[in-house]
>>> print(open('data.tsv').read())   # TSV, C-alpha atoms
chain	number	residue	atom	x	y	z
A	230	MET	CA	-0.52	-27.87	35.13
A	231	ALA	CA	-1.90	-26.94	31.74
A	232	GLU	CA	0.58	-26.34	28.95
A	233	ILE	CA	0.55	-24.41	25.68
A	234	VAL	CA	1.85	-27.06	23.29
A	235	PHE	CA	1.19	-25.35	19.96
A	236	GLY	CA	0.81	-21.83	18.62
A	237	ALA	CA	-0.44	-20.62	15.27
A	238	GLY	CA	-1.91	-17.67	13.41
A	239	THR	CA	-4.38	-17.58	10.55
A	240	SER	CA	-6.20	-15.01	8.49
A	241	HIS	CA	-9.96	-15.48	8.38
A	242	SER	CA	-10.95	-13.23	5.47
A	243	PRO	CA	-14.04	-14.17	3.43
A	244	LEU	CA	-11.63	-14.32	0.47
A	245	LEU	CA	-10.53	-17.64	1.98
A	246	ALA	CA	-14.06	-18.99	1.71
A	247	ALA	CA	-15.42	-17.48	-1.49
A	248	PRO	CA	-13.56	-18.56	-4.66
A	249	PRO	CA	-11.83	-15.96	-6.84
A	250	HIS	CA	-14.63	-15.61	-9.38
A	251	LEU	CA	-16.63	-13.92	-6.60
A	252	TRP	CA	-13.90	-11.54	-5.42
A	253	ALA	CA	-14.93	-8.75	-7.78
A	254	GLU	CA	-18.13	-8.41	-5.75
A	255	ARG	CA	-16.07	-7.65	-2.68
A	256	ALA	CA	-13.99	-5.15	-4.63
A	257	ASP	CA	-17.19	-3.37	-5.64
A	258	GLN	CA	-18.11	-3.10	-1.95
A	259	ASP	CA	-14.74	-1.49	-1.22
A	260	VAL	CA	-15.78	1.58	-3.23
A	261	HIS	CA	-18.17	2.56	-0.42
A	262	ASN	CA	-16.11	1.38	2.56
A	263	PRO	CA	-15.65	4.32	4.98
A	264	GLU	CA	-12.72	2.59	6.74
A	265	LEU	CA	-10.02	2.64	4.09
A	266	TYR	CA	-6.87	3.71	5.92
A	267	ASP	CA	-3.73	4.52	3.97
A	268	ARG	CA	-0.25	3.49	5.08
A	269	THR	CA	0.01	6.47	7.42
A	270	GLY	CA	-3.22	5.67	9.25
A	271	VAL	CA	-5.31	8.34	7.51
A	272	ILE	CA	-8.75	7.53	6.09
A	273	ARG	CA	-8.91	7.99	2.32
A	274	SER	CA	-11.71	7.52	-0.17
A	275	PHE	CA	-11.52	4.70	-2.67
A	276	GLY	CA	-11.11	7.29	-5.43
A	277	GLU	CA	-8.20	8.97	-3.67
A	278	LEU	CA	-6.41	5.65	-3.19
A	279	ALA	CA	-7.00	4.61	-6.79
A	280	ALA	CA	-5.76	7.94	-8.14
A	281	ALA	CA	-2.60	7.72	-6.04
A	282	ALA	CA	-1.96	4.13	-7.14
A	283	GLY	CA	-2.38	4.69	-10.88
A	284	ASP	CA	-1.80	1.38	-12.66
A	285	ARG	CA	0.34	-0.05	-9.86
A	286	PHE	CA	-2.05	-2.91	-9.06
A	287	ASP	CA	-3.19	-3.80	-12.57
A	288	SER	CA	-0.87	-6.80	-12.80
A	289	VAL	CA	-2.11	-8.39	-9.56
A	290	CYS	CA	-5.83	-7.83	-10.10
A	291	THR	CA	-6.20	-10.57	-12.70
A	292	MET	CA	-8.05	-13.87	-12.43
A	293	GLU	CA	-4.82	-15.76	-13.08
A	294	VAL	CA	-3.08	-14.11	-10.10
A	295	TRP	CA	-6.16	-14.48	-7.92
A	296	GLN	CA	-6.38	-18.19	-8.68
A	297	ALA	CA	-2.70	-18.65	-7.81
A	298	ASN	CA	-3.15	-16.74	-4.54
A	299	TRP	CA	-6.24	-18.78	-3.71
A	300	GLY	CA	-4.27	-21.98	-4.22
A	301	ARG	CA	-1.43	-20.85	-1.95
A	302	CYS	CA	-3.90	-19.88	0.78
A	303	GLN	CA	-5.81	-23.15	0.62
A	304	ALA	CA	-2.55	-25.12	0.79
A	305	ALA	CA	-1.51	-23.16	3.89
A	306	LEU	CA	-4.90	-23.73	5.53
A	307	ASP	CA	-4.60	-27.44	4.80
A	308	ARG	CA	-1.15	-27.46	6.37
A	309	LEU	CA	-2.45	-25.82	9.55
A	310	ARG	CA	-5.29	-28.33	9.67
A	311	GLU	CA	-2.74	-31.15	9.53
A	312	ASP	CA	-0.73	-29.45	12.29
A	313	PHE	CA	-3.80	-29.41	14.54
A	314	ARG	CA	-4.48	-33.06	13.79
A	315	ARG	CA	-0.86	-33.99	14.48
A	316	ILE	CA	-0.64	-32.06	17.75
A	317	ALA	CA	-4.14	-33.18	18.86
A	318	PRO	CA	-4.57	-30.52	21.59
A	319	ASP	CA	-7.18	-30.98	24.30
A	320	VAL	CA	-8.45	-27.42	23.90
A	321	VAL	CA	-7.90	-24.50	21.51
A	322	LEU	CA	-7.66	-20.96	22.88
A	323	VAL	CA	-8.68	-18.67	20.02
A	324	ILE	CA	-7.50	-15.06	20.29
A	325	GLY	CA	-10.01	-13.17	18.19
A	326	ASP	CA	-11.99	-9.96	18.06
A	327	ASP	CA	-15.69	-9.32	18.37
A	328	GLN	CA	-17.19	-7.18	15.62
A	329	ARG	CA	-20.55	-6.33	17.17
A	330	GLU	CA	-21.60	-9.98	17.26
A	331	LEU	CA	-21.61	-10.04	21.08
A	332	PHE	CA	-20.83	-6.52	22.26
A	333	ASP	CA	-21.87	-3.00	21.35
A	334	ASP	CA	-21.29	0.54	22.58
A	335	THR	CA	-23.21	-0.17	25.78
A	336	ASN	CA	-20.58	-2.72	26.81
A	337	GLN	CA	-17.25	-3.02	24.99
A	338	PRO	CA	-14.61	-4.71	27.17
A	339	ALA	CA	-10.98	-4.31	26.18
A	340	MET	CA	-10.63	-8.05	26.66
A	341	ALA	CA	-12.85	-10.88	27.84
A	342	ILE	CA	-12.84	-14.65	27.99
A	343	SER	CA	-15.77	-17.02	27.68
A	344	ALA	CA	-15.99	-19.48	30.55
A	345	ALA	CA	-18.94	-21.42	29.16
A	346	ALA	CA	-19.34	-25.14	28.65
A	347	GLU	CA	-21.33	-24.58	25.47
A	348	MET	CA	-21.57	-21.67	23.02
A	349	LYS	CA	-23.25	-20.81	19.72
A	350	THR	CA	-22.32	-18.88	16.63
A	351	CYS	CA	-24.48	-16.02	15.38
A	352	LEU	CA	-26.13	-15.77	11.97
A	353	LEU	CA	-24.67	-13.73	9.13
A	354	ASP	CA	-27.27	-11.98	6.96
A	355	ASP	CA	-26.24	-12.81	3.40
A	356	HIS	CA	-28.19	-10.01	1.66
A	357	ASP	CA	-28.65	-12.38	-1.32
A	358	SER	CA	-24.90	-12.10	-1.94
A	359	GLU	CA	-23.21	-15.23	-3.29
A	360	PHE	CA	-19.92	-13.99	-1.87
A	361	LEU	CA	-21.32	-13.61	1.65
A	362	LYS	CA	-23.22	-16.90	1.43
A	363	GLU	CA	-19.90	-18.66	0.90
A	364	ALA	CA	-18.37	-16.73	3.79
A	365	ALA	CA	-21.29	-17.51	6.12
A	366	ALA	CA	-20.93	-21.24	5.52
A	367	SER	CA	-17.18	-21.13	6.16
A	368	TYR	CA	-17.74	-19.08	9.33
A	369	LEU	CA	-20.37	-21.53	10.67
A	370	MET	CA	-22.72	-18.55	10.57
A	371	ASP	CA	-25.20	-19.75	7.92
A	372	ALA	CA	-27.06	-21.57	10.70
A	373	GLU	CA	-26.75	-21.59	14.47
A	374	PHE	CA	-23.81	-23.82	15.35
A	375	THR	CA	-23.09	-25.11	18.86
A	376	PHE	CA	-19.55	-25.77	20.03
A	377	SER	CA	-18.08	-26.89	23.33
A	378	GLY	CA	-16.01	-24.75	25.65
A	379	HIS	CA	-13.82	-25.62	28.62
A	380	ALA	CA	-15.37	-23.77	31.55
A	381	GLU	CA	-12.96	-24.85	34.26
A	382	LEU	CA	-9.80	-24.07	32.33
A	383	ALA	CA	-11.26	-20.73	31.23
A	384	LYS	CA	-11.89	-19.83	34.87
A	385	ASP	CA	-8.34	-20.88	35.75
A	386	LEU	CA	-7.00	-18.61	33.02
A	387	VAL	CA	-9.04	-15.69	34.33
A	388	ARG	CA	-7.73	-16.25	37.85
A	389	GLY	CA	-4.18	-16.54	36.58
A	390	LEU	CA	-4.47	-13.40	34.46
A	391	MET	CA	-5.79	-11.44	37.43
A	392	ASP	CA	-2.84	-12.67	39.49
A	393	GLU	CA	-0.54	-11.41	36.71
A	394	GLY	CA	-2.10	-7.94	36.76
A	395	ILE	CA	-4.31	-8.40	33.69
A	396	ASP	CA	-7.87	-7.32	34.50
A	397	VAL	CA	-9.96	-9.40	32.12
A	398	GLY	CA	-13.70	-9.60	31.70
A	399	TRP	CA	-15.36	-12.97	31.71
A	400	MET	CA	-18.71	-14.30	30.58
A	401	ALA	CA	-20.54	-17.53	31.30
A	402	GLY	CA	-22.27	-17.41	27.92
A	403	ALA	CA	-23.63	-15.00	25.35
A	404	PRO	CA	-26.37	-12.39	25.82
A	405	ALA	CA	-29.81	-13.47	24.63
A	406	GLY	CA	-30.03	-13.48	20.86
A	407	LYS	CA	-26.25	-13.09	20.45
A	408	GLY	CA	-23.55	-15.48	19.32
A	409	PHE	CA	-19.86	-15.77	18.50
A	410	GLY	CA	-18.63	-14.51	15.16
A	411	HIS	CA	-16.29	-15.38	12.34
A	412	ALA	CA	-13.07	-15.09	14.34
A	413	TYR	CA	-14.12	-18.29	16.10
A	414	GLY	CA	-16.34	-20.07	13.58
A	415	PHE	CA	-13.74	-20.00	10.81
A	416	PRO	CA	-10.96	-21.91	12.64
A	417	ILE	CA	-13.46	-24.40	14.06
A	418	HIS	CA	-14.76	-25.07	10.57
A	419	ARG	CA	-11.40	-25.10	8.80
A	420	PHE	CA	-9.16	-26.85	11.33
A	421	LEU	CA	-11.21	-28.73	13.92
A	422	GLN	CA	-14.27	-30.28	12.29
A	423	PRO	CA	-15.84	-32.82	12.13
A	424	ASP	CA	-15.29	-33.45	15.85
A	425	PRO	CA	-14.02	-30.21	17.36
A	426	VAL	CA	-12.16	-30.26	20.63
A	427	PRO	CA	-13.33	-27.64	23.16
A	428	VAL	CA	-12.64	-24.03	22.21
A	429	ILE	CA	-12.08	-21.12	24.60
A	430	PRO	CA	-12.86	-17.81	22.87
A	431	PHE	CA	-10.72	-14.88	23.99
A	432	MET	CA	-12.19	-11.56	22.81
A	433	LEU	CA	-9.70	-8.76	22.27
A	434	ASN	CA	-11.12	-5.35	21.36
A	435	THR	CA	-8.95	-4.64	18.36
A	436	TYR	CA	-11.44	-2.53	16.39
A	437	TYR	CA	-13.26	-0.01	18.52
A	438	PRO	CA	-11.85	3.04	20.34
A	439	PRO	CA	-11.28	4.25	22.92
A	440	ASN	CA	-10.23	1.10	24.81
A	441	GLN	CA	-8.16	-0.88	22.31
A	442	PRO	CA	-5.20	-2.51	24.08
A	443	SER	CA	-1.82	-1.18	22.97
A	444	PRO	CA	0.59	-3.51	21.16
A	445	ARG	CA	2.71	-3.69	24.31
A	446	ARG	CA	-0.31	-4.62	26.41
A	447	CYS	CA	-1.18	-7.34	23.92
A	448	PHE	CA	2.29	-8.85	24.19
A	449	GLU	CA	2.10	-8.67	27.99
A	450	LEU	CA	-1.28	-10.40	27.81
A	451	GLY	CA	0.26	-13.24	25.82
A	452	ARG	CA	3.02	-13.66	28.36
A	453	ALA	CA	0.46	-13.68	31.16
A	454	LEU	CA	-1.66	-16.30	29.38
A	455	ARG	CA	1.32	-18.63	29.33
A	456	VAL	CA	1.88	-18.14	33.07
A	457	ALA	CA	-1.83	-18.52	33.82
A	458	ALA	CA	-1.97	-21.79	31.90
A	459	ALA	CA	1.00	-23.15	33.83
A	460	ALA	CA	-0.72	-22.22	37.11
A	461	SER	CA	-3.87	-24.18	36.27
A	462	PRO	CA	-4.32	-27.55	38.01
A	463	SER	CA	-5.70	-28.89	34.73
A	464	ASN	CA	-3.46	-31.14	32.68
A	465	ALA	CA	-4.92	-29.80	29.43
A	466	ARG	CA	-2.70	-29.48	26.36
A	467	ILE	CA	-3.55	-26.10	24.85
A	468	ALA	CA	-3.18	-24.82	21.31
A	469	ILE	CA	-3.27	-21.02	21.03
A	470	LEU	CA	-4.46	-19.52	17.76
A	471	ALA	CA	-4.43	-15.89	16.59
A	472	SER	CA	-7.43	-15.37	14.30
A	473	GLY	CA	-7.57	-12.49	11.80
A	474	GLY	CA	-5.37	-10.07	9.89
A	475	LEU	CA	-3.03	-9.19	8.49
A	476	SER	CA	-3.41	-5.75	6.88
A	477	HIS	CA	-6.80	-4.89	5.40
A	478	PHE	CA	-8.89	-3.37	3.96
A	479	VAL	CA	-5.95	-1.63	2.30
A	480	VAL	CA	-2.99	-3.97	1.94
A	481	ASP	CA	0.21	-2.71	3.60
A	482	GLU	CA	2.99	-5.16	2.85
A	483	ASP	CA	5.61	-3.12	4.72
A	484	LEU	CA	3.59	-3.32	7.93
A	485	ASP	CA	2.87	-7.03	7.49
A	486	ARG	CA	6.48	-7.95	6.82
A	487	LYS	CA	7.62	-5.91	9.80
A	488	VAL	CA	5.24	-7.92	11.99
A	489	LEU	CA	6.17	-11.31	10.54
A	490	ASP	CA	9.90	-10.55	10.58
A	491	ALA	CA	9.69	-9.49	14.23
A	492	ILE	CA	7.84	-12.68	15.16
A	493	ALA	CA	10.44	-14.79	13.35
A	494	ALA	CA	13.30	-12.87	15.01
A	495	LYS	CA	11.65	-13.12	18.46
A	496	ASP	CA	11.84	-9.32	18.52
A	497	ALA	CA	9.43	-8.37	21.28
A	498	GLU	CA	10.33	-4.69	21.28
A	499	THR	CA	9.45	-4.22	17.63
A	500	LEU	CA	6.08	-5.89	18.18
A	501	CYS	CA	5.44	-3.83	21.32
A	502	GLY	CA	6.46	-0.65	19.51
A	503	LEU	CA	4.18	-0.99	16.47
A	504	PRO	CA	2.41	2.35	15.90
A	505	PRO	CA	-1.20	2.02	17.10
A	506	GLU	CA	-2.32	4.49	14.40
A	507	LEU	CA	-1.53	1.81	11.79
A	508	LEU	CA	-3.62	-0.83	13.56
A	509	ASN	CA	-7.01	0.36	12.36
A	510	SER	CA	-10.01	-1.38	10.81
A	511	GLY	CA	-9.05	-4.90	9.70
A	512	SER	CA	-5.35	-4.25	10.30
A	513	SER	CA	-6.22	-3.93	13.99
A	514	GLU	CA	-6.38	-7.74	14.14
A	515	ILE	CA	-2.60	-7.76	14.11
A	516	ARG	CA	-3.07	-7.29	17.85
A	517	ASN	CA	-4.27	-10.91	18.02
A	518	TRP	CA	-0.98	-12.06	16.48
A	519	ILE	CA	1.03	-9.94	18.92
A	520	THR	CA	-0.82	-11.61	21.80
A	521	ALA	CA	-0.09	-15.08	20.46
A	522	ALA	CA	3.57	-14.08	19.97
A	523	GLY	CA	3.72	-13.10	23.63
A	524	ALA	CA	2.34	-16.49	24.65
A	525	MET	CA	4.86	-18.25	22.40
A	526	GLU	CA	7.80	-16.03	23.35
A	527	GLY	CA	11.11	-17.79	22.86
A	528	ARG	CA	9.67	-20.41	20.51
A	529	ALA	CA	10.97	-20.61	16.96
A	530	ILE	CA	8.78	-20.39	13.89
A	531	ASP	CA	8.15	-23.72	12.18
A	532	TRP	CA	6.71	-22.26	8.97
A	533	CYS	CA	4.99	-19.16	7.64
A	534	GLU	CA	3.11	-18.30	4.45
A	535	TYR	CA	2.32	-14.73	3.39
A	536	VAL	CA	-0.05	-13.99	0.51
A	537	PRO	CA	-1.01	-10.32	-0.02
A	538	ILE	CA	-4.23	-10.33	-2.06
A	539	VAL	CA	-5.14	-7.08	-3.81
A	540	ARG	CA	-8.59	-7.01	-5.37
A	541	SER	CA	-8.90	-3.48	-6.75
A	542	ALA	CA	-7.04	-0.63	-8.43
A	543	ALA	CA	-7.08	1.19	-5.08
A	544	GLY	CA	-4.97	-1.49	-3.41
A	545	THR	CA	-7.83	-2.79	-1.31
A	546	GLY	CA	-7.89	-6.42	-0.30
A	547	CYS	CA	-6.49	-8.54	2.50
A	548	ALA	CA	-2.96	-9.68	3.24
A	549	MET	CA	-3.26	-13.32	4.22
A	550	SER	CA	-0.83	-15.01	6.54
A	551	PHE	CA	-0.57	-18.41	8.15
A	552	LEU	CA	2.05	-19.29	10.72
A	553	ALA	CA	2.97	-22.06	13.13
A	554	TRP	CA	5.46	-22.06	15.98
A	555	GLN	CA	7.54	-25.13	16.67
>>> encode(input="data.tsv", output="structure tokens")
Amino acid sequence: MAEIVFGAGTSHSPLLAAPPHLWAERADQDVHNPELYDRTGVIRSFGELAAAAGDRFDSVCTMEVWQANWGRCQAALDRLREDFRRIAPDVVLVIGDDQRELFDDTNQPAMAISAAAEMKTCLLDDHDSEFLKEAAASYLMDAEFTFSGHAELAKDLVRGLMDEGIDVGWMAGAPAGKGFGHAYGFPIHRFLQPDPVPVIPFMLNTYYPPNQPSPRRCFELGRALRVAAAASPSNARIAILASGGLSHFVVDEDLDRKVLDAIAAKDAETLCGLPPELLNSGSSEIRNWITAAGAMEGRAIDWCEYVPIVRSAAGTGCAMSFLAWQ
């Protein structure tokens, strides 16, 4: 049987690729972001958020703080890379979300798995932005990049999920002209190169209503993935990785700490009971972490790093987190 031998979570924000002297560009883009949700799940303008915050974030929006946060994040990414090298899994199952790289409104599955032997990343238009050029390179989206999958194991997982009552879409490749996005390119680049093991992309629709899986369904999915792996005749050693999050594009430390504390405490009910109205925009990627927690249920946390990065007076930014189960 296949076995999940390692579990982890990582943020994949472009702030992890572009150095701090470029972060102000991203903050300028926040001014026009129509998806700035406050801590109650209500969309607010940048101006409204900044007015409500006053000078609250002045002390953390300095180059000195940004450089320190950058250093902590890079150290955590290096630690995860060493974990992957130490564990040496045969295949990595990446729980990520598609953001119109593969799917659109004509076909938006709640969840799908790629059962392809070979896949490609898509290209990220850099718009002459130095910030996005750095991100594109880190996402393996500055040029078409080919990576290997594990078709047979992916099919086994689909069969096992169906047996467990999880109706999952599957694809034998990408539509013409399409490719996989940053949720998959970033961990391949940061943890698995130069010789990546096969990767199975699992696409969870975290972003787009009306068919986003509930937190409870995500946890159930994780549990079912563990059972499906055990039912496979393959002897593959699997690492499962949640890609994305935590809260953004407005940082919500209370939400993040509730999630991380529940994972550490093995508190399934708290994870299953997270209010869906708070899992919007980038914060929706917390669903990927809930899924991984379901797959790793009962396993203790080995280590966790949490670095909330605020890049503007409105409290916009991205709360970074990196976690490994024992």
>>> residues_around(input="data.tsv", residues="Ser472 (chain A)", least_positions_apart="3", cutoff="10 Å", atoms="only C-alpha atoms", output="list in words")
Ala237, Gly238, Thr239, Ser240, His241, Ser242, Val323, Ile324, Gly325, Asp326, His411, Ala412, Tyr413, Phe415, Pro416, Ile469, Leu475, Glu514, Ile515, Arg516, Asn517, Trp518, Ala521 and Phe551 of chain A
>>> residues_near_point(input="data.tsv", point="(-10.2, 4.8, 6.3)", cutoff="12 Å", atoms="all atoms listed in the file", output="ChimeraX atom specification")
/A:259-275,277-278,477-479,506-512,545
>>> closest_residue(input="data.tsv", among="A:Gly283, A:Leu382, A:Ser513, A:Cys447", to="Asn464 (chain A)", atoms="all atoms listed in the file")
A:Leu382
>>> closest_residue(input="data.tsv", among="A:Ala339, A:Ala344, A:Ala281, A:Ala453", to="Asn440 (chain A)", atoms="all atoms listed in the file")
A:Ala339
>>> residues_around(input="data.tsv", residues="region 327-337 of chain A", least_positions_apart="4", cutoff="8 Å", atoms="all atoms listed in the file", output="ChimeraX atom specification")
/A:351,403-404,407-410,412,432-434,436
>>> closest_residue(input="data.tsv", among="A:Met549, A:Ala317, A:Leu352, A:Val234", to="Asp481 (chain A)", atoms="all atoms listed in the file")
A:Met549
>>> closest_residue(input="data.tsv", among="A:Gly474, A:Gly527, A:Gly378, A:Gly276", to="Pro243 (chain A)", atoms="all atoms listed in the file")
A:Gly474
>>> residues_near_point(input="data.tsv", point="(-5.9, -21.9, 34.9)", cutoff="9 Å", atoms="all atoms listed in the file", output="ChimeraX atom specification")
/A:230-231,381-390,454,456-463
>>> axis_aligned_box(input="data.tsv", around="region 400-410 of chain A", padding_each_side="8 Å", output="lines of an AutoDock Vina configuration file")
center_x = -24.3
center_y = -15.0
center_z = 23.2
size_x = 27.4
size_y = 21.1
size_z = 32.1
>>> atom_distance(input="data.tsv", atom1="CA of His379 (chain A)", atom2="CA of Leu245 (chain A)")
28.0 Å
>>> closest_residue(input="data.tsv", among="A:Ala253, A:Ala345, A:Ile395, A:Leu306", to="Met292 (chain A)", atoms="all atoms listed in the file")
A:Ala253
>>> atom_distance(input="data.tsv", atom1="CA of Trp399 (chain A)", atom2="CA of Ile342 (chain A)")
4.8 Å
>>> residues_around(input="data.tsv", residues="region 356-367 of chain A", least_positions_apart="6", cutoff="8 Å", atoms="only C-alpha atoms", output="MDAnalysis selection string")
chainID A and resid 243:244 246:247 251:252 254:255 414:415 418:419
>>> write_last_selection(input="data.tsv", atoms="C-alpha atoms", output="tab-separated table (two decimals), keeping the file's coordinate frame")
chain	number	residue	atom	x	y	z
A	243	PRO	CA	-14.04	-14.17	3.43
A	244	LEU	CA	-11.63	-14.32	0.47
A	246	ALA	CA	-14.06	-18.99	1.71
A	247	ALA	CA	-15.42	-17.48	-1.49
A	251	LEU	CA	-16.63	-13.92	-6.60
A	252	TRP	CA	-13.90	-11.54	-5.42
A	254	GLU	CA	-18.13	-8.41	-5.75
A	255	ARG	CA	-16.07	-7.65	-2.68
A	414	GLY	CA	-16.34	-20.07	13.58
A	415	PHE	CA	-13.74	-20.00	10.81
A	418	HIS	CA	-14.76	-25.07	10.57
A	419	ARG	CA	-11.40	-25.10	8.80
>>> residues_around(input="data.tsv", residues="region 492-499 of chain A", least_positions_apart="3", cutoff="7 Å", atoms="all atoms listed in the file", output="list in words")
Val488, Leu489, Gly502, Leu503, Ala522, Glu526, Gly527, Ala529 and Ile530 of chain A
>>> write_last_selection(input="data.tsv", atoms="C-alpha atoms", output="PDB file, keeping the file's coordinate frame")
ATOM      1  CA  VAL A 488       5.240  -7.920  11.990  1.00  0.00           C
ATOM      2  CA  LEU A 489       6.170 -11.310  10.540  1.00  0.00           C
ATOM      3  CA  GLY A 502       6.460  -0.650  19.510  1.00  0.00           C
ATOM      4  CA  LEU A 503       4.180  -0.990  16.470  1.00  0.00           C
ATOM      5  CA  ALA A 522       3.570 -14.080  19.970  1.00  0.00           C
ATOM      6  CA  GLU A 526       7.800 -16.030  23.350  1.00  0.00           C
ATOM      7  CA  GLY A 527      11.110 -17.790  22.860  1.00  0.00           C
ATOM      8  CA  ALA A 529      10.970 -20.610  16.960  1.00  0.00           C
ATOM      9  CA  ILE A 530       8.780 -20.390  13.890  1.00  0.00           C
TER      10      ILE A 530
END
>>> atom_distance(input="data.tsv", atom1="CA of Gly546 (chain A)", atom2="CA of Arg310 (chain A)")
24.2 Å
>>> closest_residue(input="data.tsv", among="A:Ala282, A:Val321, A:Ala305, A:Cys501", to="Arg445 (chain A)", atoms="all atoms listed in the file")
A:Cys501
>>> residues_around(input="data.tsv", residues="Ile467 (chain A)", least_positions_apart="2", cutoff="7 Å", atoms="only C-alpha atoms", output="compact mmCIF listing (two decimals) with C-alpha atoms, in the frame of the given file")
# COMPACT_ATOMS: atom_id res chain seq x y z
CA GLU A 232 0.58 -26.34 28.95
CA ILE A 233 0.55 -24.41 25.68
CA VAL A 234 1.85 -27.06 23.29
CA PHE A 235 1.19 -25.35 19.96
CA PRO A 318 -4.57 -30.52 21.59
CA ASP A 319 -7.18 -30.98 24.30
CA VAL A 320 -8.45 -27.42 23.90
CA VAL A 321 -7.90 -24.50 21.51
CA LEU A 322 -7.66 -20.96 22.88
CA ALA A 465 -4.92 -29.80 29.43
CA ILE A 469 -3.27 -21.02 21.03
